[in-house]
Structure formats: C-alpha cells, structure tokens
file start31.cif (mmCIF, C-alpha atoms)
data_protein
loop_
_atom_site.label_atom_id
_atom_site.label_comp_id
_atom_site.auth_asym_id
_atom_site.auth_seq_id
_atom_site.Cartn_x
_atom_site.Cartn_y
_atom_site.Cartn_z
CA MET H 22 -10.93 -18.82 50.63
CA LEU H 23 -13.62 -20.83 52.46
CA LYS H 24 -16.11 -17.97 52.24
CA SER H 25 -15.45 -17.61 48.51
CA SER H 26 -15.98 -21.34 47.98
CA ILE H 27 -19.29 -21.25 49.84
CA PHE H 28 -20.33 -18.20 47.82
CA LEU H 29 -19.59 -20.01 44.56
CA LEU H 30 -21.45 -23.17 45.59
CA VAL H 31 -24.53 -21.15 46.51
CA LEU H 32 -24.43 -19.33 43.17
CA PHE H 33 -24.09 -22.49 41.16
CA GLY H 34 -26.80 -24.30 43.11
CA CYS H 35 -24.23 -27.02 43.79
CA ALA H 36 -23.24 -28.65 47.02
CA THR H 37 -20.37 -30.99 47.71
CA ILE H 38 -22.69 -33.94 48.26
CA VAL H 39 -24.14 -33.61 44.75
CA PHE H 40 -21.11 -32.17 42.99
CA GLY H 41 -20.21 -35.45 41.33
CA GLN H 42 -23.82 -36.32 40.54
CA LYS H 43 -25.02 -33.20 38.83
CA LYS H 44 -24.07 -32.99 35.17
CA ASN H 45 -21.50 -30.27 34.53
CA CYS H 46 -21.85 -28.48 37.84
CA LYS H 47 -18.63 -26.56 37.25
CA PRO H 48 -19.03 -23.11 35.68
CA ASN H 49 -18.45 -22.75 31.97
CA PHE H 50 -16.50 -19.79 30.58
CA VAL H 51 -16.81 -17.77 27.41
CA VAL H 52 -14.29 -15.01 26.79
CA ILE H 53 -15.05 -12.65 23.90
CA PHE H 54 -11.86 -10.77 23.08
CA THR H 55 -12.24 -8.13 20.39
CA ASP H 56 -9.46 -6.35 18.51
CA ASP H 57 -8.72 -2.59 18.72
CA GLN H 58 -11.98 -1.59 20.40
CA THR H 59 -11.54 1.53 22.49
CA TYR H 60 -13.62 2.00 25.63
CA ARG H 61 -15.79 4.70 24.04
CA ALA H 62 -16.74 2.41 21.15
CA ILE H 63 -19.56 0.48 22.82
CA GLY H 64 -23.15 1.53 23.35
CA TYR H 65 -23.23 1.62 27.14
CA ASN H 66 -20.32 4.12 27.08
CA ASN H 67 -21.37 6.04 23.98
CA SER H 68 -24.96 6.33 22.75
CA GLU H 69 -23.71 6.98 19.22
CA VAL H 70 -22.50 3.38 18.96
CA LEU H 71 -25.16 0.73 18.31
CA THR H 72 -24.35 -2.47 20.23
CA PRO H 73 -27.72 -3.69 21.55
CA ASN H 74 -26.65 -7.28 22.20
CA LEU H 75 -23.53 -6.37 24.13
CA ASP H 76 -25.39 -3.63 26.01
CA ASN H 77 -28.09 -6.07 27.05
CA LEU H 78 -25.58 -8.50 28.51
CA ALA H 79 -23.45 -5.79 30.11
CA LYS H 80 -26.33 -4.06 31.86
CA LYS H 81 -27.45 -7.36 33.37
CA GLY H 82 -23.93 -8.15 34.45
CA LEU H 83 -21.18 -5.92 35.82
CA ILE H 84 -19.52 -3.19 33.76
CA PHE H 85 -15.95 -2.25 34.65
CA ASN H 86 -15.68 1.43 33.83
CA LYS H 87 -11.96 1.62 34.55
CA ALA H 88 -10.53 -1.41 32.76
CA PHE H 89 -7.11 -1.21 31.12
CA THR H 90 -4.92 -3.39 28.97
CA SER H 91 -1.52 -4.37 30.31
CA THR H 92 -0.08 -3.35 26.94
CA PRO H 93 -1.66 -1.67 23.90
CA VAL H 94 -0.04 -4.03 21.37
CA CYS H 95 -1.96 -6.94 19.81
CA ALA H 96 0.28 -9.99 20.29
CA ALA H 97 1.75 -8.87 23.60
CA SER H 98 -1.70 -8.13 24.98
CA ARG H 99 -2.95 -11.61 24.12
CA ALA H 100 0.06 -13.30 25.66
CA SER H 101 -0.39 -11.19 28.78
CA VAL H 102 -4.05 -12.16 29.22
CA PHE H 103 -3.32 -15.85 28.64
CA THR H 104 -0.46 -15.93 31.17
CA GLY H 105 -1.66 -13.34 33.69
CA LEU H 106 1.71 -11.61 33.41
CA TYR H 107 3.02 -8.35 32.02
CA PRO H 108 4.90 -8.66 28.70
CA GLN H 109 8.41 -8.17 30.00
CA THR H 110 7.90 -11.04 32.46
CA ASN H 111 6.37 -13.58 30.08
CA GLY H 112 8.78 -12.50 27.33
CA THR H 113 6.27 -11.61 24.62
CA VAL H 114 6.66 -7.93 23.80
CA ALA H 115 5.20 -5.97 20.89
CA LEU H 116 4.39 -8.32 17.98
CA ASN H 117 7.02 -10.93 18.80
CA ARG H 118 5.00 -14.13 18.74
CA ASN H 119 8.23 -16.11 18.31
CA SER H 120 9.06 -15.28 21.93
CA PHE H 121 5.68 -16.67 22.99
CA ILE H 122 6.30 -19.87 21.04
CA LYS H 123 9.77 -20.19 22.57
CA ASN H 124 8.90 -19.35 26.18
CA ILE H 125 5.37 -20.68 26.53
CA VAL H 126 4.94 -23.39 23.89
CA ASN H 127 8.42 -24.93 23.69
CA GLU H 128 9.91 -24.25 27.11
CA ASN H 129 6.65 -24.22 29.14
CA LYS H 130 7.84 -21.44 31.41
CA PHE H 131 4.28 -20.46 32.31
CA ASN H 132 0.89 -22.13 32.00
CA THR H 133 -1.77 -20.47 29.89
CA MET H 134 -5.39 -19.97 30.83
CA ALA H 135 -6.41 -22.82 28.55
CA GLU H 136 -3.84 -25.19 30.05
CA PHE H 137 -5.02 -24.51 33.59
CA LEU H 138 -8.61 -25.31 32.64
CA GLN H 139 -7.84 -28.27 30.42
CA ASP H 140 -5.91 -29.86 33.30
CA GLU H 141 -9.12 -29.60 35.36
CA GLY H 142 -11.28 -31.43 32.83
CA TYR H 143 -12.56 -28.49 30.79
CA THR H 144 -13.20 -28.76 27.07
CA THR H 145 -11.13 -25.90 25.67
CA TYR H 146 -12.05 -24.33 22.35
CA PHE H 147 -10.55 -21.47 20.33
CA SER H 148 -12.04 -19.53 17.45
CA GLY H 149 -10.78 -16.36 15.80
CA LYS H 150 -7.52 -14.42 15.87
CA SER H 151 -4.59 -15.95 17.74
CA HIS H 152 -1.59 -13.80 16.80
CA LEU H 153 0.48 -16.30 18.83
CA GLY H 154 0.55 -19.32 16.54
CA ASN H 155 -1.58 -22.46 16.61
CA PRO H 156 -3.91 -22.26 19.66
CA GLN H 157 -3.75 -26.05 20.03
CA ASP H 158 -0.07 -25.59 20.88
CA TYR H 159 -0.85 -23.52 23.97
CA GLY H 160 -3.69 -25.37 25.65
CA PHE H 161 -6.75 -25.43 23.43
CA ARG H 162 -7.98 -28.93 22.66
CA PHE H 163 -10.21 -27.84 19.78
CA GLY H 164 -10.36 -25.00 17.27
CA TYR H 165 -7.82 -23.09 15.23
CA GLU H 166 -6.96 -19.60 14.12
CA SER H 167 -9.23 -18.05 11.49
CA ASN H 168 -8.23 -14.49 10.79
CA SER H 169 -10.49 -12.57 8.42
CA PHE H 170 -11.65 -8.95 8.50
CA ASN H 171 -15.36 -9.84 8.88
CA ASP H 172 -15.01 -12.87 11.22
CA GLU H 173 -17.54 -14.96 9.32
CA ILE H 174 -15.37 -18.08 9.57
CA ALA H 175 -14.69 -17.59 13.29
CA PHE H 176 -18.39 -17.34 14.14
CA LYS H 177 -19.34 -20.21 11.84
CA GLU H 178 -16.77 -22.49 13.48
CA VAL H 179 -17.86 -21.68 17.03
CA SER H 180 -21.48 -22.17 15.96
CA ASN H 181 -20.63 -25.64 14.65
CA PHE H 182 -18.87 -26.44 17.91
CA ILE H 183 -21.90 -25.51 20.01
CA ALA H 184 -24.18 -27.53 17.72
CA LYS H 185 -22.36 -30.80 18.44
CA GLU H 186 -24.41 -33.43 20.26
CA ASP H 187 -21.94 -33.83 23.11
CA PHE H 188 -21.51 -30.10 23.68
CA GLY H 189 -21.78 -29.27 27.37
CA GLU H 190 -21.30 -32.77 28.71
CA ARG H 191 -18.10 -31.48 30.24
CA PRO H 192 -17.51 -27.92 31.45
CA PHE H 193 -16.29 -25.78 28.56
CA PHE H 194 -14.01 -22.82 28.03
CA ILE H 195 -14.57 -20.96 24.76
CA TRP H 196 -12.16 -18.25 23.65
CA LEU H 197 -13.80 -16.25 20.86
CA ALA H 198 -11.41 -13.65 19.42
CA PRO H 199 -12.91 -11.63 16.56
CA SER H 200 -10.61 -9.61 14.31
CA GLN H 201 -13.08 -6.73 14.24
CA PRO H 202 -12.87 -3.75 14.50
CA HIS H 203 -9.18 -3.94 13.52
CA VAL H 204 -8.45 -2.46 10.10
CA PRO H 205 -9.28 -3.02 7.28
CA LEU H 206 -12.68 -1.47 7.88
CA LYS H 207 -15.01 -2.86 5.23
CA PRO H 208 -18.52 -2.90 6.74
CA ALA H 209 -21.48 -3.76 4.53
CA GLN H 210 -23.87 -1.03 3.49
CA GLN H 211 -26.59 -2.20 5.91
CA TRP H 212 -24.33 -1.30 8.85
CA LEU H 213 -23.04 1.92 7.32
CA GLU H 214 -26.61 3.17 6.82
CA LEU H 215 -27.10 3.16 10.59
CA TYR H 216 -24.55 5.96 10.97
CA PRO H 217 -25.41 9.27 9.29
CA LEU H 218 -22.33 11.49 9.34
CA GLU H 219 -24.17 14.29 11.13
CA ASN H 220 -24.71 11.97 14.12
CA ILE H 221 -21.01 11.27 14.66
CA SER H 222 -19.16 13.43 17.16
CA ILE H 223 -15.47 14.19 17.10
CA GLU H 224 -13.68 14.16 20.45
CA LYS H 225 -12.39 17.44 21.89
CA ASN H 226 -8.77 16.18 21.78
CA PHE H 227 -8.88 15.49 18.02
CA LEU H 228 -6.01 16.92 15.99
CA ASN H 229 -5.24 16.69 12.28
CA THR H 230 -1.67 15.71 13.11
CA PRO H 231 0.03 14.97 16.45
CA GLU H 232 2.22 17.49 18.19
CA GLN H 233 5.98 16.87 18.10
CA GLU H 234 6.31 15.46 21.60
CA SER H 235 7.67 12.10 22.76
CA VAL H 236 4.38 11.06 24.39
CA PHE H 237 2.86 10.77 20.92
CA ASN H 238 5.70 8.78 19.37
CA GLN H 239 4.71 5.34 18.05
CA GLY H 240 8.17 4.35 16.84
CA LEU H 241 11.65 4.03 18.30
CA PRO H 242 12.82 6.32 21.11
CA GLY H 243 13.50 9.83 19.90
CA GLU H 244 11.49 9.44 16.70
CA HIS H 245 8.37 11.31 15.69
CA PHE H 246 6.77 8.37 13.97
CA TYR H 247 3.02 7.82 13.65
CA ARG H 248 1.50 4.50 12.64
CA ASP H 249 -0.79 3.70 9.70
CA SER H 250 -0.48 6.98 7.79
CA ASP H 251 0.04 4.96 4.63
CA TYR H 252 -2.66 2.36 5.43
CA THR H 253 -5.65 3.03 3.16
CA ASN H 254 -7.17 -0.44 2.66
CA ASN H 255 -10.41 0.74 4.23
CA TYR H 256 -13.89 1.92 3.32
CA LYS H 257 -13.44 4.74 0.75
CA ASN H 258 -9.65 4.21 0.97
CA LEU H 259 -9.58 6.19 4.18
CA PRO H 260 -6.15 6.55 5.81
CA ALA H 261 -5.80 4.90 9.22
CA GLY H 262 -3.21 7.39 10.45
CA PRO H 263 -2.37 11.10 10.31
CA PRO H 264 -2.70 13.60 8.82
CA ARG H 265 -6.50 13.48 8.74
CA SER H 266 -9.05 16.24 8.48
CA THR H 267 -12.24 16.41 10.49
CA GLU H 268 -14.15 15.19 7.43
CA VAL H 269 -11.85 12.18 6.97
CA ILE H 270 -11.91 11.13 10.63
CA THR H 271 -15.71 11.40 10.67
CA GLU H 272 -15.94 9.00 7.72
CA PHE H 273 -13.36 6.71 9.33
CA THR H 274 -15.24 6.71 12.63
CA LYS H 275 -18.46 5.90 10.78
CA ALA H 276 -16.84 2.81 9.25
CA TYR H 277 -15.31 1.87 12.62
CA TYR H 278 -18.67 2.08 14.43
CA ALA H 279 -20.44 0.22 11.61
CA THR H 280 -17.88 -2.59 11.89
CA ILE H 281 -18.56 -2.83 15.64
CA THR H 282 -22.32 -2.97 15.05
CA HIS H 283 -21.80 -5.84 12.61
CA LEU H 284 -19.71 -7.58 15.27
CA ASP H 285 -22.43 -7.02 17.86
CA PHE H 286 -24.93 -8.69 15.52
CA GLN H 287 -22.66 -11.72 15.19
CA ILE H 288 -22.18 -11.90 18.97
CA GLY H 289 -25.95 -11.71 19.43
CA TYR H 290 -26.46 -14.73 17.20
CA PHE H 291 -23.80 -16.63 19.13
CA ILE H 292 -25.43 -15.75 22.46
CA ASN H 293 -28.86 -16.88 21.26
CA GLN H 294 -27.42 -20.18 20.12
CA LEU H 295 -25.81 -20.70 23.50
CA LYS H 296 -29.13 -19.95 25.21
CA GLU H 297 -30.86 -22.52 23.02
CA SER H 298 -28.23 -25.07 23.97
CA GLY H 299 -29.39 -24.77 27.58
CA HIS H 300 -26.05 -23.73 29.04
CA MET H 301 -26.56 -20.02 29.63
CA GLU H 302 -27.30 -20.28 33.36
CA ASN H 303 -23.99 -21.89 34.18
CA THR H 304 -21.76 -19.84 31.88
CA VAL H 305 -19.61 -16.89 32.85
CA PHE H 306 -19.16 -14.37 30.01
CA ILE H 307 -16.15 -12.09 30.06
CA PHE H 308 -15.99 -9.40 27.38
CA LEU H 309 -12.98 -7.19 26.73
CA SER H 310 -10.67 -5.97 23.97
CA ASP H 311 -6.94 -6.45 23.47
CA ASN H 312 -6.37 -2.69 23.50
CA GLY H 313 -8.02 0.57 22.59
CA TYR H 314 -7.73 2.63 19.42
CA LEU H 315 -6.86 6.27 18.69
CA LEU H 316 -9.57 7.60 16.38
CA GLY H 317 -7.69 10.78 15.59
CA ASN H 318 -7.46 11.67 19.28
CA HIS H 319 -4.26 13.63 19.85
CA GLY H 320 -3.84 13.41 16.07
CA LEU H 321 -3.01 9.69 16.18
CA GLY H 322 -4.20 6.41 14.71
CA ASN H 323 -3.46 2.85 15.88
CA LYS H 324 -2.63 2.46 19.60
CA LEU H 325 0.82 2.01 21.31
CA THR H 326 0.75 5.21 23.39
CA MET H 327 -0.37 5.54 27.01
CA HIS H 328 -3.40 7.75 26.29
CA GLU H 329 -6.81 6.63 27.56
CA GLU H 330 -8.06 5.90 24.05
CA SER H 331 -5.15 3.48 23.56
CA VAL H 332 -4.96 1.67 26.92
CA ARG H 333 -8.51 1.84 28.27
CA ILE H 334 -10.84 -0.90 27.10
CA PRO H 335 -14.49 -1.90 27.37
CA MET H 336 -14.93 -4.78 29.79
CA PHE H 337 -17.84 -6.47 31.51
CA ILE H 338 -18.73 -9.81 33.07
CA TYR H 339 -22.17 -11.35 32.64
CA TRP H 340 -23.15 -14.24 34.86
CA ASP H 341 -26.74 -15.38 34.99
CA GLN H 342 -26.41 -16.54 38.59
CA LEU H 343 -24.79 -13.32 39.79
CA LYS H 344 -27.20 -11.36 41.98
CA ILE H 345 -26.26 -7.70 42.28
CA ASP H 346 -28.28 -4.50 42.38
CA VAL H 347 -25.51 -2.27 41.03
CA HIS H 348 -24.26 -3.05 37.52
CA GLU H 349 -21.25 -0.74 37.22
CA SER H 350 -17.93 -0.66 39.02
CA GLU H 351 -15.39 2.18 39.22
CA ALA H 352 -12.67 -0.15 40.49
CA LEU H 353 -9.38 -0.23 38.59
CA VAL H 354 -8.94 -3.54 36.79
CA SER H 355 -6.31 -4.83 34.39
CA SER H 356 -6.40 -7.40 31.62
CA THR H 357 -3.95 -9.37 33.80
CA ASP H 358 -6.86 -9.85 36.23
CA VAL H 359 -8.77 -12.09 33.81
CA LEU H 360 -6.79 -15.30 34.44
CA PRO H 361 -6.91 -15.20 38.27
CA THR H 362 -10.61 -14.34 38.06
CA ILE H 363 -11.37 -17.41 35.96
CA LEU H 364 -9.31 -19.65 38.24
CA ASN H 365 -11.05 -18.21 41.30
CA ILE H 366 -14.55 -18.71 39.90
CA ALA H 367 -13.65 -22.23 38.81
CA GLY H 368 -12.57 -22.99 42.38
CA LEU H 369 -8.93 -23.47 41.43
CA PRO H 370 -5.87 -22.16 43.28
CA ILE H 371 -4.37 -18.91 42.01
CA PRO H 372 -0.58 -19.18 41.53
CA GLU H 373 1.28 -16.59 43.58
CA TYR H 374 3.45 -15.57 40.63
CA LEU H 375 0.54 -14.09 38.66
CA HIS H 376 0.53 -10.31 38.36
CA GLY H 377 -3.24 -9.91 38.31
CA LYS H 378 -5.89 -10.31 40.97
CA SER H 379 -9.29 -11.96 40.93
CA VAL H 380 -12.20 -9.55 40.50
CA LEU H 381 -14.51 -11.94 42.38
CA PRO H 382 -14.69 -9.54 45.37
CA ILE H 383 -16.01 -6.86 42.99
CA LEU H 384 -18.57 -9.28 41.54
CA LYS H 385 -19.84 -9.81 45.08
CA ASP H 386 -19.77 -6.10 45.95
CA PRO H 387 -19.29 -3.62 43.07
CA SER H 388 -18.30 -0.87 45.51
CA VAL H 389 -15.00 -2.51 46.55
CA SER H 390 -11.58 -2.12 44.93
CA ILE H 391 -8.79 -4.64 44.47
CA ASN H 392 -6.03 -2.49 42.94
CA ASP H 393 -4.55 0.76 44.26
CA PHE H 394 -3.09 1.27 40.81
CA ILE H 395 -2.63 -0.50 37.52
CA ALA H 396 0.14 -0.20 34.95
CA SER H 397 0.52 -0.49 31.22
CA GLU H 398 3.64 -0.79 29.10
CA SER H 399 4.31 -0.36 25.40
CA VAL H 400 7.74 -1.88 24.91
CA GLY H 401 9.68 -3.62 22.20
CA VAL H 402 8.19 -1.54 19.41
CA GLY H 403 11.51 -1.62 17.57
CA GLY H 404 12.31 -5.19 18.51
CA LYS H 405 14.12 -4.38 21.77
CA VAL H 406 12.77 -4.91 25.26
CA GLY H 407 12.76 -1.62 27.11
CA THR H 408 11.88 0.77 24.29
CA GLY H 409 8.58 2.56 24.55
CA HIS H 410 6.25 4.09 27.11
CA ARG H 411 5.02 3.22 30.62
CA MET H 412 1.97 4.32 32.57
CA ILE H 413 0.75 4.22 36.16
CA ARG H 414 -2.97 4.80 36.58
CA SER H 415 -4.68 5.45 39.91
CA PRO H 416 -8.45 6.05 40.19
CA GLU H 417 -8.00 9.78 39.45
CA TRP H 418 -4.44 10.27 38.24
CA LYS H 419 -2.11 9.10 35.51
CA TYR H 420 1.67 9.23 35.42
CA ILE H 421 3.39 8.62 32.07
CA ILE H 422 7.08 8.24 31.39
CA THR H 423 7.95 8.21 27.70
CA ASP H 424 10.62 6.46 25.67
CA ILE H 425 13.08 9.31 26.29
CA ASN H 426 12.10 9.85 29.96
CA ASP H 427 9.76 12.78 29.46
CA GLU H 428 7.22 12.75 32.29
CA LEU H 429 3.55 13.68 32.27
CA LEU H 430 0.92 13.93 34.97
CA PHE H 431 -2.81 14.13 34.32
CA ASN H 432 -5.79 14.54 36.62
CA LEU H 433 -8.29 12.31 34.80
CA SER H 434 -11.22 13.44 36.94
CA ASP H 435 -10.85 17.03 35.75
CA ASP H 436 -9.10 16.36 32.46
CA PRO H 437 -10.39 13.10 30.89
CA TYR H 438 -8.98 14.03 27.48
CA GLU H 439 -5.43 14.49 28.83
CA LEU H 440 -4.91 18.03 27.61
CA ASN H 441 -3.29 19.63 30.68
CA ASN H 442 0.07 18.20 31.76
CA LEU H 443 0.57 19.01 35.46
CA ILE H 444 4.07 17.56 35.83
CA ASP H 445 5.64 20.96 36.61
CA ASN H 446 2.94 22.06 39.04
CA ASP H 447 4.42 21.97 42.55
CA ALA H 448 0.94 21.70 44.07
CA TYR H 449 0.84 18.05 43.01
CA GLU H 450 4.28 17.01 44.22
CA SER H 451 2.92 14.59 46.86
CA ILE H 452 0.71 12.90 44.26
CA LEU H 453 3.64 12.58 41.88
CA VAL H 454 5.82 11.04 44.58
CA LYS H 455 3.11 8.48 45.31
CA LEU H 456 2.67 7.56 41.65
CA LYS H 457 6.42 7.27 41.17
CA GLY H 458 6.46 4.91 44.13
CA TYR H 459 3.86 2.77 42.38
CA TYR H 460 5.97 2.92 39.24
CA GLN H 461 9.03 1.55 41.03
CA GLU H 462 6.90 -1.14 42.68
CA TRP H 463 5.67 -2.23 39.25
CA ARG H 464 9.18 -2.16 37.76
CA ASP H 465 10.43 -4.43 40.51
CA LEU H 466 7.49 -6.78 39.97
CA VAL H 467 7.86 -7.25 36.22
CA GLY H 468 11.62 -6.86 35.82
CA ASP H 469 11.29 -3.70 33.74
CA GLU H 470 14.34 -3.24 31.53
CA LYS H 471 13.99 0.35 30.43
CA LEU H 472 17.01 1.10 28.31
CA ILE H 473 17.20 4.69 29.53
CA PRO H 474 17.55 4.39 33.37
#
call {"tool": "encode", "arguments": {"input": "start31.cif", "output": "structure tokens"}}
result
Amino acid sequence: MLKSSIFLLVLFGCATIVFGQKKNCKPNFVVIFTDDQTYRAIGYNNSEVLTPNLDNLAKKGLIFNKAFTSTPVCAASRASVFTGLYPQTNGTVALNRNSFIKNIVNENKFNTMAEFLQDEGYTTYFSGKSHLGNPQDYGFRFGYESNSFNDEIAFKEVSNFIAKEDFGERPFFIWLAPSQPHVPLKPAQQWLELYPLENISIEKNFLNTPEQESVFNQGLPGEHFYRDSDYTNNYKNLPAGPPRSTEVITEFTKAYYATITHLDFQIGYFINQLKESGHMENTVFIFLSDNGYLLGNHGLGNKLTMHEESVRIPMFIYWDQLKIDVHESEALVSSTDVLPTILNIAGLPIPEYLHGKSVLPILKDPSVSINDFIASESVGVGGKVGTGHRMIRSPEWKYIITDINDELLFNLSDDPYELNNLIDNDAYESILVKLKGYYQEWRDLVGDEKLIP
C-alpha cells in the first residue's frame, strides 16, 4: 500500500507537504461508458471502424485486450460497475432497476462509485443514460439522465458543466454514458458515407438464424427465443434480430459503425474542451461499454449470451501522467474492477467486500495479471434470479453453463469465434476440472442462485 501511495504521489507531482497547498492535487476521473459496443467495434481492434479520437487516447494509454462485462444486460451491468459487485450480490439483475432503487437508493446496502468519491470531496457529475433512475439519488451531486438515440443533449450538458467558471476548483468525477450505439441506429448521412458496403466484412461465425441450442437462447430456460427480431426502428427499417441475410447484416453493420463514428466525433469534441480547460494532465480517463453486441454472429442480435461478442468489451485507460512503453495488456479484467481501480488511484481504501480488483498494478507494468479468471452472468431474463447463462473465462479457455445446464468448452486461442465445442473431448478433462473449480469459487462468492442445481 505504501509503495502504491508513493507511486501515485510521484505521478501526480504532489507531495504530502504541498498536498493541501496545491490546487486540486487529487486526480480527476472521467468514465465514458458506451452502450452495446462490442470489442471489435473500435478502430484499434478493427481497422474497418473509424474512431480516430478514441484510438488516439487509447494508444497513448493502456488498452485492455481481454476486458469483459460482469453481465451482458444494460441495467444490471451499470449497477454492477457502480457497486463493484456481481448482479446477484447487489440485487440488480437483468433490467430490474426497481431492485437497484430498493437496495442501493432506499436501503443503502452498498455505496456507489459516486458516493465514495463525493464523500471525499469530489464534485460528481452525471450525463447520459442512467437506466437506474435519477443519478442524483445514487451519489451524483450534479447532472441528470438524458436518454436520446444521438446523445446530443448528453454532450451539450457535459459541455456546459465544463464551461462553468468554478469547474476544476475541486477534484471532479464525470460519468458520461452515451446511448450510442444502442438501437435505434439512425446515423446521419455524413457518417454513413464513410462506410461503403464493399468495405464491411462479415464475421466467420455469422449465421442467418441461430442453431436450436440452449447456448443461443435469449429467453427463459428451455426456450428458443431470440431478441429484437421484430425491432425495425433503424436505418432502412433494418431488423435488429434474426433471421437476417448477409446483405441485411452488412447494411445493419454499416449503420452500427456509422453510429460509433458519430459518437467518436462527439467524444473528440468533449476531450478537446477538457484540454482547453487545463485539466487534462490530472485526469484519469476510463473508457468501456456496458456490454457487447451480437452483429449476426451465431445468428443472433442483442446480447445476453456468453459469447465473446456479447460479453467482451472495448476498454482502455488514458492517463497523461502514466509513463509506460507498452500500451496493450493481455490481462483478464472485469467491469467489476473499475470501482476498486478508481478508489486505488484516488488513494482511498478498497472495501474488502468488493468483487473486483484494482488494475493499478497493470498500469504500472502491463505484463502482469491480477485475475486468474473472470466470470459473467446473464440472469433474471424472465424476472427470476437464477435463470440464464454463466461463463468462466481464463486467458485461453472459456467454460459456459447454459440455462438448462448444457456445458460448453472453448479454446479461445485456437477458436476465437467459438465454433468447436470441446466439452466431450477427454484430452481436456484437467482443464475442465480447473474451470469448474473456478465456477464453484465464483458461485460461492456471489451467492449464485441457479434454479437448476
């Protein structure tokens, strides 16, 4: 702990003797939390996607190549990041924001990220999509939810906040949560023109419709239900779920990428404004998404399953005072790691009950790891805790157990598109035993209530 504190003081150019004299010596934080952005939908992971502003920040910071959401469901994912806990522990599963309001807002069972920082003198500000009710009810002193498909209000409000005369007099924590690229996809023509259809590739695991297996189910246990098949409020009235032809998914992907490029433009303007305010040097940027998105991969739309496209997310940290030669990490990290990381960088104690770990050791040395495995859960889809899928992910392997206890095993190093289920291959029995051990460890940690034992 002492070494970490010294490390932070050196980075910030602050020493104890001047800590109270230097204006806003504490680090500021900006978290940009996008909606439904899969890990392949950012320029540094996919050259087909145009995100120059995000790429510029990421390549000067540290990119986490193996970052995963704790749950690929919008509201539950947000509650998990804010509390540093998996959904079944904090009580907010699936889209049940009423549980968040009951457990976190009314009964104060767990502190949120904003509450921790506000208690330490931070100015806390929210702009964008909440999905959990009024952000001022769970720790944000300023801001409110503004949920629109193009995020113009969210970016205007945060711009007005930065433009205030007293901005930066106290350390600040800004949570900027765009709605993009969540459907509806309605990008303007100037962004669509950047994506000729012939330049858009379709992934090798694309299917017109999903196979009739439980691992693809996005409904209640035992169903063969696939989300968003009837959702067509998009560019050219494109369906957001199966069945979809190659031609349809290419058009859909074009609109999806164009929406992300528009978002990147808005983020670039925000970053430039923050630079002009003079606070860039002392601000830690954390970028990630609430979950991924299935762009026709495995025949699916939406998220909710345990496939890479659904649970794996783009994530990076930019910090002007961070001095590293390597700008990518292969360490496994979870969205539950965001809260302890912020507390650690701010010099605050990390509560023992949190499920995540600080990534500060990785920021100091990108070659180190902090997690032997990470987990993700998709529960409560039908309104009951315990329904849905679970995943254990090691650096190379993935174990999935579905809503009806079907098991799958994938070697992600050899099979990144998850096409070859090795669960019945005796050659991997020792690996399966190890992953199942991790699974039981995680179940004990979060109080997993799987309805089918």
call {"tool": "resolve_selection", "arguments": {"input": "start31.cif", "expression": "the PyMOL selection byres ((chain H and resi 107-109) around 12)", "output": "VMD selection string"}}
result
chain H and resid 90 to 106 110 to 118 120 to 121 124 355 to 358 374 to 377 395 to 401 405 to 408 411 463 to 471
call {"tool": "closest_residue", "arguments": {"input": "start31.cif", "among": "H:Gln201, H:Asn168, H:Thr59, H:Gln233", "to": "Thr282 of chain H", "atoms": "only C-alpha atoms"}}
result
H:Gln201
call {"tool": "atom_distance", "arguments": {"input": "start31.cif", "atom1": "atom CA of Pro361 of chain H", "atom2": "atom CA of Ser379 of chain H"}}
result
4.8 Å
call {"tool": "residues_around", "arguments": {"input": "start31.cif", "residues": "segment 380-386 of chain H", "least_positions_apart": "6", "cutoff": "8 Å", "atoms": "only C-alpha atoms", "output": "list in words"}}
result
Leu83, Leu343, Ile345, Ser350, Ala352, Val354, Asp358, Val359, Thr362, Asn365 and Ile366 of chain H
call {"tool": "atom_distance", "arguments": {"input": "start31.cif", "atom1": "atom CA of Leu309 of chain H", "atom2": "atom CA of Phe194 of chain H"}}
result
15.7 Å
